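Participant: I have a structure here, written as structure tokens, and I will follow up with some questions on it.
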Amino acid sequence: MEDFDDFCYVENFHQDDVRIEEELERHHLEQLMYWFHVHQPTSSEDDSDRRLSPSAAAAASPFSIVAPSFRQRTRRRRAGMLTLSEFSDVLTKVIGTDIQEKQVESFFNKLDTASDGYVDWNEFCTYMLMQFRERDFVQTLRLLPFQSEAKIKHIVPNKQEPTVKIVCIDSPAKIITISKEGSMCVWSPSLHLEKSYRINGTDGPQQQQQQSKRRVREWVTDAVHLGNCHRLAIASTGRDIRFYDVTTADQYYEELQLYGLSDVAVSLNYWFDEKVPGSQSLLLFGDDRGAVHVLYFSKPLRQLFAVPFGKKGEETQRIYFPDLKFHTEFVSHVRLEATFVDPIRRLIYLPENSYVALCTSHSKYSMVLAAVDNKNKSYVFSLSKGVDCFDYSRSLNVLATGSSDRMVRLWNAYVITRPVAVLVGHNTNVIDVKIIESRAIVISYSREAVVKVWDMKEYVCLQTIAVKFPNSHLGRLPDYGPFPMATTHSLFPKSVLVTANDYVAMLKLGQVNDPVFSSTPLTHKTQLCGAVYNACLRQVVTAADDSSIGVWDATTGEKQMLYTGAHGREEITALTLDDTGRRLITGARNGTIKVWNVQNGHNLHQLEAVDDTEVSGIVCVPEKKSILVVGWSRKIALYNDTEPDNLLLRANTDWKGGHLHNDDILSAAVCPPALLATASYDGEILVWFLETEVLFKKLRKTRPIRTSARISAMTGIPQRASRPNSRHRNIQKPLDGQASPVDKLLFLPRRAEAKQSEAAILVSSEAGTLRWWSVFGQKTEIGNFCACVDGDECVLALCTTEANDLLITGDTQGKVTVWKIEEYCVRPDDRSNVLAPGVAFSWNAHSNVVVSAECFVHASSTYLLTASTDSTAKLWTLDGLAIGTFGQKKQWSLDNPLTWIEPPQWAIEEEDERRTKELLFQSRENKEIEEDVDQENADENVDDKSQPDNDIPLNHRKLNRLLSFGPETSKNAAQKESSSVRSKTFAFGSKVPNHNTRVSLGTRVAGQMERLRQDRQGRRRFMEGIDFSRTNRYGTLQCCAYQAVNMPELEEVKNPEKMFQSSQFPFKTTSNDPSLNSKTAIVKVGPRSTAPPMPRQDPALCNKDTDLS
């Protein structure tokens, strides 16, 4: 294998928040693979950094790997297994020396999925593959045209007949479906059936009598909307075309009937000039004999035909088709004969060149572009199985065709030799295609009810959707009409409609959210059930009701991974992390419990369900080497966590203290190392010894048992209440006579460690009231207060800081409150215990229920993580400043407060002060340079007074004036600098105070600094590298041909024989320089009147690329 030391690439990272995995490229991965393969463990001393005790490792680094003894896997070290120090050395060799230690440790912790202190090549590849896959999934998700399931409706008036055509009307916005038997249904834009009609002359008694005389009933073949005159034309097998007035949305009625056609019209198309709706319009229809008919309406807004013909008293005006010669004032007819007799399946009029495009099932004349006036050349496309459907885009000049060979072809409309691309992917015949010009995509529809979306630039399939119609049976294809797909134009968002049998489905393009709220970032698509912080990997894990789990970078807000379908379609009701931060345990509403690997999303274990009821609490107990689970089963279950290789962990329900709860357990909390508290729906709170599983104290006696509980106690069969999850209800007030459920329990471990026996160390939330309990004292409840302004609300989120000096609550109104509890309920006899403690901060964090809250420390600062049923999880400071929402496009940095949504005032002031100091420093520096240059220019001006002005084409002073900024330029530069300063301060939120005084000072200084900087750069650009002692032989001449070539870069270039000189020097030029004595130049110039003087050279043109010949 090649030695990578000879061609090692080195790249430096200068940003603290850049992740190493994001900067790794292909050559980096090749080098890392080499180092993993050639690595050999030297001795057991290499494991010294891995075999630290948990306490020592935690003290050594906050990001060190801390694995409890019962979870350590004794994996024997082999070649290619790197420790943290070895991995850091390899990254330094491959990437560079500027990698920070905390970046390497964070990256190593993510790779070490086995939690054994080693990283091998398989773990590295697995993690990188998951990262790339998640990145591609997120990118593809943004490109997916359809981001919601199809909305399917049953067309009952069709009477099990297929739909022939879907017509979309813009004003008023309606959707019309027409069946084969003549049932016309009118739908709203949201696909709600409004009205239905019967056509084909079956409404009146006379029409029914005429219809009964016929042996075969008429079938609808096609329909088209006449947009400028608000009519609907419907063709049928009765060789007629009916015109319906659709001006009003209340009632559609048949106005005209054009009957007696020579053949059956099987396809229709209508065109009018949208800019001039009253101008000539065209109605085209193709018949079953291959001919194309064109009706030219000269006055469509006035009327379509001249004098109505028909029997007196008839409401419908009947017009005989051969009598159109008497209607030439309003309509004229042109027939285009064809050389084939196959029916014309579809046709479209192309107004830019007066062509008509049509398709047939003929193998030779599959697709034809013919001129309407028969004067231009026709284009014929031939396919062996013909063309069943097509669509044309004028702006893209693309023709898309679909046929029974299961392929979609893209053509240049005027190149018939071969298609531009052939899109293969359908398993059955392609029955319809549509081009969406705004997105540059092609949508195809096949007989198996499968919709595919194709990218017209890359010619790849972007999305495949199988529309699940209820009448689609296994092995049987549904029936379709000749036009089974349509697209809407005026509806928002744009939709695609497809039909099968007597059903219609709507697929919406783009985001489904209301455009008013489309700018609101969402963490998940549905309500969140909770969010937890991973201190080891500095990540945030969120879970939602759609059984999806998201992993986010807490320092930037970037999404790192998303698990979908974690528990199938069940809601996730509980989640927690183990002590290592490597495993996530989730519980669902159906009682299932799963253990996940946070780094790669693998399902490590599945815990046996105690019952098919909701899991409300999960607690990791490292002292017992087990996982404790409670829920609506009313039991406390333990799972042995000492066998990491077992996929299924059995439940141990033999709790030694017995299952004493008579109602559903809603909450559980642990106070390390020995106490466990559980609370149930009936208000009962029990405290247990974890080690012995014995009841320690019953803080509240059992309330009166409800009827369901009595039945359960007598029969032994739990009686389940059909209540929803508590976080889904805004109003949490219990019914009359019903005990208040305990929604949340929270221990204050610092008070327990301080051995304050009489102080309250347990807090419970009950219907908006926080109760404070003393576990070791004689008096149990020593204080309570209402934490909600509205008495009907309750608190579902509780958390505290590490010092237990602040308590954070989140209620069902979305409000977060920070309470000062350092001295609250410390003494049981204190009268202030019945009063609410002081409020430090309070703000409206969410628009709905706050379901979880957690405090964590990062870089010696404490932050607050909240999750809500409004589908968002947010990050805050304890004083209520919003850092960001997980899921927003713009990322933040916890180390840079200016990137937050609401930057703190001190950060804004420090940034302004820093910028002001920097500008003032530049001002002093440039002022000194300006004084030196002015002194030099003054000395040169003294020497220039003895010479005439015509001998000085350009001097230093004029050059400075040309390069310096004028008043307008300086003003624009100052405005630009001022706007950039304001954008960095005011673009983050509305709570930033006004500080225009400091910004105005920076604007004035910035204008001066910009002018001085441009002056200095201009002088350096034009004056550096020039020896003025050699170029200033003729006064202060600063620009000549000699100067252009007398620069350090061109010292080896020789002067040409005929060197260019200005007309101001009509004499023989010699030089005192010995190097130039051999070369002289004599320039002859005619009279000044006949030869105008040469213009002065621009200094910017005097460079090394000047053409001197």
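Within each chain, counting starts at residue 1; across the structure tokens, chains are named A, B, ... in the order shown, with ligands numbered 1 upward in that order.
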Please run DSSP on the backbone and report, as a PyMOL selection string, all residues within region 556-790 of chain A that come out as strand (DSSP E or B).

Facilitator: chain A and resi 559-563+572-577+583-588+593-597+603-607+615-621+626-631+637-640+648-649+651-652+665-671+675-680+685-689+695-700+744-747+762-766+769-773+781-786

Participant: Could you pull the residues within 6 Å of region 526-542 of chain A, counting only C-alpha atoms, minus those fewer than 2 positions along the same chain, as a JSON list (two decimals) with C-alpha atoms, in the first residue's frame?

Facilitator:
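Output contents, as saved in part14.json:
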[["chain", "number", "residue", "atom", "x", "y", "z"],
["A", 63, "PHE", "CA", -16.66, 14.90, 27.05],
["A", 524, "HIS", "CA", -41.61, 17.73, 13.94],
["A", 544, "ALA", "CA", -43.26, 13.15, 18.49],
["A", 545, "ASP", "CA", -46.67, 11.55, 18.31],
["A", 549, "ILE", "CA", -37.34, 10.65, 16.87],
["A", 550, "GLY", "CA", -35.03, 13.54, 16.00],
["A", 551, "VAL", "CA", -31.43, 14.04, 17.05],
["A", 552, "TRP", "CA", -30.13, 17.63, 16.98],
["A", 553, "ASP", "CA", -26.85, 19.36, 17.67],
["A", 554, "ALA", "CA", -27.50, 21.47, 20.76],
["A", 573, "THR", "CA", -45.30, 8.78, 25.43],
["A", 581, "GLY", "CA", -25.67, 9.17, 26.89],
["A", 852, "SER", "CA", -41.21, 18.95, 29.02],
["A", 867, "ALA", "CA", -40.86, 21.01, 24.10],
["A", 868, "SER", "CA", -44.50, 21.62, 23.29],
["A", 869, "THR", "CA", -47.49, 20.20, 21.49],
["A", 870, "ASP", "CA", -47.16, 23.07, 19.00],
["A", 871, "SER", "CA", -44.63, 20.80, 17.21]]

Participant: Show me, as a CSV table (one decimal) with N, CA, C and O atoms, in the first residue's frame, the residues that have an atom within 10 Å of region 607-615 of chain A when counting only C-alpha atoms, minus same-chain residues fewer than 2 positions from it.

Facilitator:
chain,number,residue,atom,x,y,z
A,571,GLU,N,-48.1,6.4,19.3
A,571,GLU,CA,-47.6,7.6,19.9
A,571,GLU,C,-46.5,7.3,20.9
A,571,GLU,O,-46.6,6.4,21.7
A,572,ILE,N,-45.4,8.0,20.8
A,572,ILE,CA,-44.3,7.9,21.8
A,572,ILE,C,-44.8,8.7,23.1
A,572,ILE,O,-45.1,9.9,22.9
A,573,THR,N,-44.8,8.1,24.2
A,573,THR,CA,-45.3,8.8,25.4
A,573,THR,C,-44.2,9.0,26.5
A,573,THR,O,-44.5,9.8,27.4
A,574,ALA,N,-43.1,8.4,26.4
A,574,ALA,CA,-42.0,8.6,27.4
A,574,ALA,C,-40.7,8.3,26.7
A,574,ALA,O,-40.6,7.4,25.8
A,575,LEU,N,-39.7,9.1,27.1
A,575,LEU,CA,-38.3,8.8,26.6
A,575,LEU,C,-37.3,9.3,27.7
A,575,LEU,O,-37.6,10.2,28.4
A,585,ILE,N,-34.1,5.2,25.5
A,585,ILE,CA,-35.2,4.3,25.8
A,585,ILE,C,-36.5,5.1,25.6
A,585,ILE,O,-36.7,6.2,26.2
A,586,THR,N,-37.3,4.5,24.8
A,586,THR,CA,-38.6,5.1,24.5
A,586,THR,C,-39.8,4.1,24.8
A,586,THR,O,-39.6,2.9,24.7
A,587,GLY,N,-40.9,4.7,25.2
A,587,GLY,CA,-42.1,3.9,25.5
A,587,GLY,C,-43.3,4.5,24.7
A,587,GLY,O,-43.3,5.7,24.5
A,588,ALA,N,-44.2,3.7,24.3
A,588,ALA,CA,-45.3,4.1,23.4
A,588,ALA,C,-46.6,3.9,24.1
A,588,ALA,O,-46.7,3.3,25.2
A,589,ARG,N,-47.6,4.3,23.5
A,589,ARG,CA,-49.0,4.3,24.1
A,589,ARG,C,-49.5,2.8,24.1
A,589,ARG,O,-50.4,2.5,24.9
A,590,ASN,N,-49.0,1.9,23.3
A,590,ASN,CA,-49.5,0.6,23.3
A,590,ASN,C,-48.6,-0.3,24.2
A,590,ASN,O,-48.8,-1.5,24.2
A,591,GLY,N,-47.8,0.3,25.1
A,591,GLY,CA,-47.0,-0.5,26.0
A,591,GLY,C,-45.7,-1.0,25.6
A,591,GLY,O,-44.9,-1.5,26.4
A,592,THR,N,-45.3,-0.8,24.3
A,592,THR,CA,-44.0,-1.3,23.8
A,592,THR,C,-42.9,-0.3,24.3
A,592,THR,O,-43.1,0.9,24.4
A,593,ILE,N,-41.7,-0.9,24.5
A,593,ILE,CA,-40.6,-0.2,25.0
A,593,ILE,C,-39.4,-0.7,24.2
A,593,ILE,O,-39.1,-1.9,24.0
A,594,LYS,N,-38.6,0.3,23.7
A,594,LYS,CA,-37.4,0.0,22.9
A,594,LYS,C,-36.2,0.8,23.3
A,594,LYS,O,-36.3,1.9,23.9
A,595,VAL,N,-35.0,0.2,23.1
A,595,VAL,CA,-33.7,0.8,23.4
A,595,VAL,C,-33.0,1.1,22.1
A,595,VAL,O,-32.9,0.1,21.3
A,605,HIS,N,-32.4,-3.2,21.9
A,605,HIS,CA,-33.2,-4.1,22.7
A,605,HIS,C,-34.7,-3.7,22.5
A,605,HIS,O,-35.0,-2.6,22.2
A,617,GLY,N,-43.6,6.5,32.4
A,617,GLY,CA,-42.4,6.9,33.0
A,617,GLY,C,-41.3,5.8,32.8
A,617,GLY,O,-41.6,4.6,32.9
A,618,ILE,N,-40.1,6.2,32.4
A,618,ILE,CA,-38.9,5.3,32.3
A,618,ILE,C,-37.8,5.9,33.1
A,618,ILE,O,-37.4,7.1,32.9
A,627,ILE,N,-33.5,-1.2,34.2
A,627,ILE,CA,-34.4,-0.1,33.7
A,627,ILE,C,-35.7,-0.3,34.4
A,627,ILE,O,-36.3,-1.4,34.3
A,629,VAL,N,-39.7,0.8,34.7
A,629,VAL,CA,-40.8,1.3,33.8
A,629,VAL,C,-42.1,1.3,34.6
A,629,VAL,O,-42.4,0.3,35.3
A,630,VAL,N,-42.9,2.4,34.5
A,630,VAL,CA,-44.2,2.5,35.1
A,630,VAL,C,-45.2,3.0,34.0
A,630,VAL,O,-44.7,3.6,33.0
A,631,GLY,N,-46.5,2.8,34.2
A,631,GLY,CA,-47.5,3.3,33.3
A,631,GLY,C,-48.9,3.0,33.7
A,631,GLY,O,-49.1,2.8,34.9
A,632,TRP,N,-49.8,2.9,32.8
A,632,TRP,CA,-51.2,2.7,33.1
A,632,TRP,C,-51.5,1.3,33.5
A,632,TRP,O,-52.6,0.9,33.8
A,633,SER,N,-50.5,0.4,33.4
A,633,SER,CA,-50.6,-1.0,33.9
A,633,SER,C,-50.7,-1.0,35.4
A,633,SER,O,-51.0,-2.1,36.0
A,634,ARG,N,-50.3,0.1,36.1
A,634,ARG,CA,-50.4,0.2,37.6
A,634,ARG,C,-49.3,-0.7,38.3
A,634,ARG,O,-49.4,-0.9,39.4
A,635,LYS,N,-48.3,-1.1,37.5
A,635,LYS,CA,-47.3,-1.9,38.0
A,635,LYS,C,-45.9,-1.3,37.8
A,635,LYS,O,-45.8,-0.4,36.9
A,636,ILE,N,-45.0,-1.7,38.7
A,636,ILE,CA,-43.6,-1.2,38.6
A,636,ILE,C,-42.8,-2.4,38.0
A,636,ILE,O,-42.7,-3.5,38.7
A,637,ALA,N,-42.3,-2.3,36.8
A,637,ALA,CA,-41.6,-3.3,36.1
A,637,ALA,C,-40.1,-3.0,36.0
A,637,ALA,O,-39.7,-1.9,35.8
A,638,LEU,N,-39.2,-4.0,36.2
A,638,LEU,CA,-37.8,-3.9,36.1
A,638,LEU,C,-37.3,-4.8,35.0
A,638,LEU,O,-37.8,-5.9,34.8
A,639,TYR,N,-36.3,-4.3,34.3
A,639,TYR,CA,-35.6,-5.1,33.2
A,639,TYR,C,-34.1,-5.1,33.5
A,639,TYR,O,-33.5,-4.1,33.7
A,640,ASN,N,-33.6,-6.3,33.4
A,640,ASN,CA,-32.2,-6.6,33.7
A,640,ASN,C,-31.4,-6.0,32.5
A,640,ASN,O,-31.6,-6.4,31.4
A,647,LEU,N,-31.6,-9.3,22.5
A,647,LEU,CA,-32.5,-8.4,21.9
A,647,LEU,C,-33.7,-8.2,22.7
A,647,LEU,O,-34.2,-7.1,22.7
A,648,LEU,N,-34.3,-9.2,23.3
A,648,LEU,CA,-35.5,-9.1,24.0
A,648,LEU,C,-35.2,-9.3,25.5
A,648,LEU,O,-34.6,-10.3,25.9
A,649,LEU,N,-35.6,-8.3,26.3
A,649,LEU,CA,-35.4,-8.3,27.7
A,649,LEU,C,-36.7,-8.5,28.4
A,649,LEU,O,-37.7,-7.8,28.1
A,650,ARG,N,-36.8,-9.6,29.3
A,650,ARG,CA,-38.0,-9.9,29.9
A,650,ARG,C,-38.3,-9.0,31.1
A,650,ARG,O,-37.4,-8.4,31.7
A,651,ALA,N,-39.6,-8.8,31.3
A,651,ALA,CA,-40.1,-7.9,32.4
A,651,ALA,C,-40.2,-8.7,33.7
A,651,ALA,O,-40.7,-9.8,33.8
A,652,ASN,N,-39.7,-8.0,34.7
A,652,ASN,CA,-39.8,-8.6,36.1
A,652,ASN,C,-40.8,-7.7,36.9
A,652,ASN,O,-40.5,-6.6,37.3
A,653,THR,N,-42.0,-8.3,37.1
A,653,THR,CA,-43.0,-7.5,37.8
A,653,THR,C,-43.2,-7.9,39.2
A,653,THR,O,-44.1,-7.6,39.9
A,664,ASP,N,-54.0,4.3,37.5
A,664,ASP,CA,-52.9,4.4,36.5
A,664,ASP,C,-51.7,5.3,37.1
A,664,ASP,O,-52.0,6.4,37.6
A,665,ILE,N,-50.5,4.8,37.0
A,665,ILE,CA,-49.3,5.6,37.4
A,665,ILE,C,-49.0,6.6,36.3
A,665,ILE,O,-48.7,6.2,35.2
A,666,LEU,N,-48.9,7.8,36.7
A,666,LEU,CA,-48.7,8.9,35.7
A,666,LEU,C,-47.3,9.4,35.7
A,666,LEU,O,-46.8,10.0,34.7
A,667,SER,N,-46.5,9.3,36.8
A,667,SER,CA,-45.2,9.9,37.0
A,667,SER,C,-44.4,9.1,37.9
A,667,SER,O,-44.9,8.4,38.8
A,720,ARG,N,-60.1,0.0,32.1
A,720,ARG,CA,-59.4,1.1,31.4
A,720,ARG,C,-60.3,2.2,31.0
A,720,ARG,O,-61.4,2.0,30.6
A,725,ASN,N,-54.2,11.1,26.1
A,725,ASN,CA,-53.0,11.5,26.8
A,725,ASN,C,-53.3,12.9,27.4
A,725,ASN,O,-53.9,13.8,26.7

Participant: Please determine, counting only C-alpha atoms, which residue among A:Leu522, A:Ala357, A:Val276, A:Ala400 has the shortest atom-to-atom distance to Val380 (chain A).

Facilitator: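 Using only C-alpha atoms, the shortest distance to Val380 (chain A) belongs to A:Ala357.
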
Participant: Identify which of the residues A:Thr801, A:Asp170, A:Trp892, A:Val834 lies closest to Thr862 (chain A), counting only C-alpha atoms when measuring atom-to-atom distances.

Facilitator: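 Checking each of A:Thr801, A:Asp170, A:Trp892, A:Val834 against Thr862 (chain A), counting only C-alpha atoms, the winner is A:Thr801.
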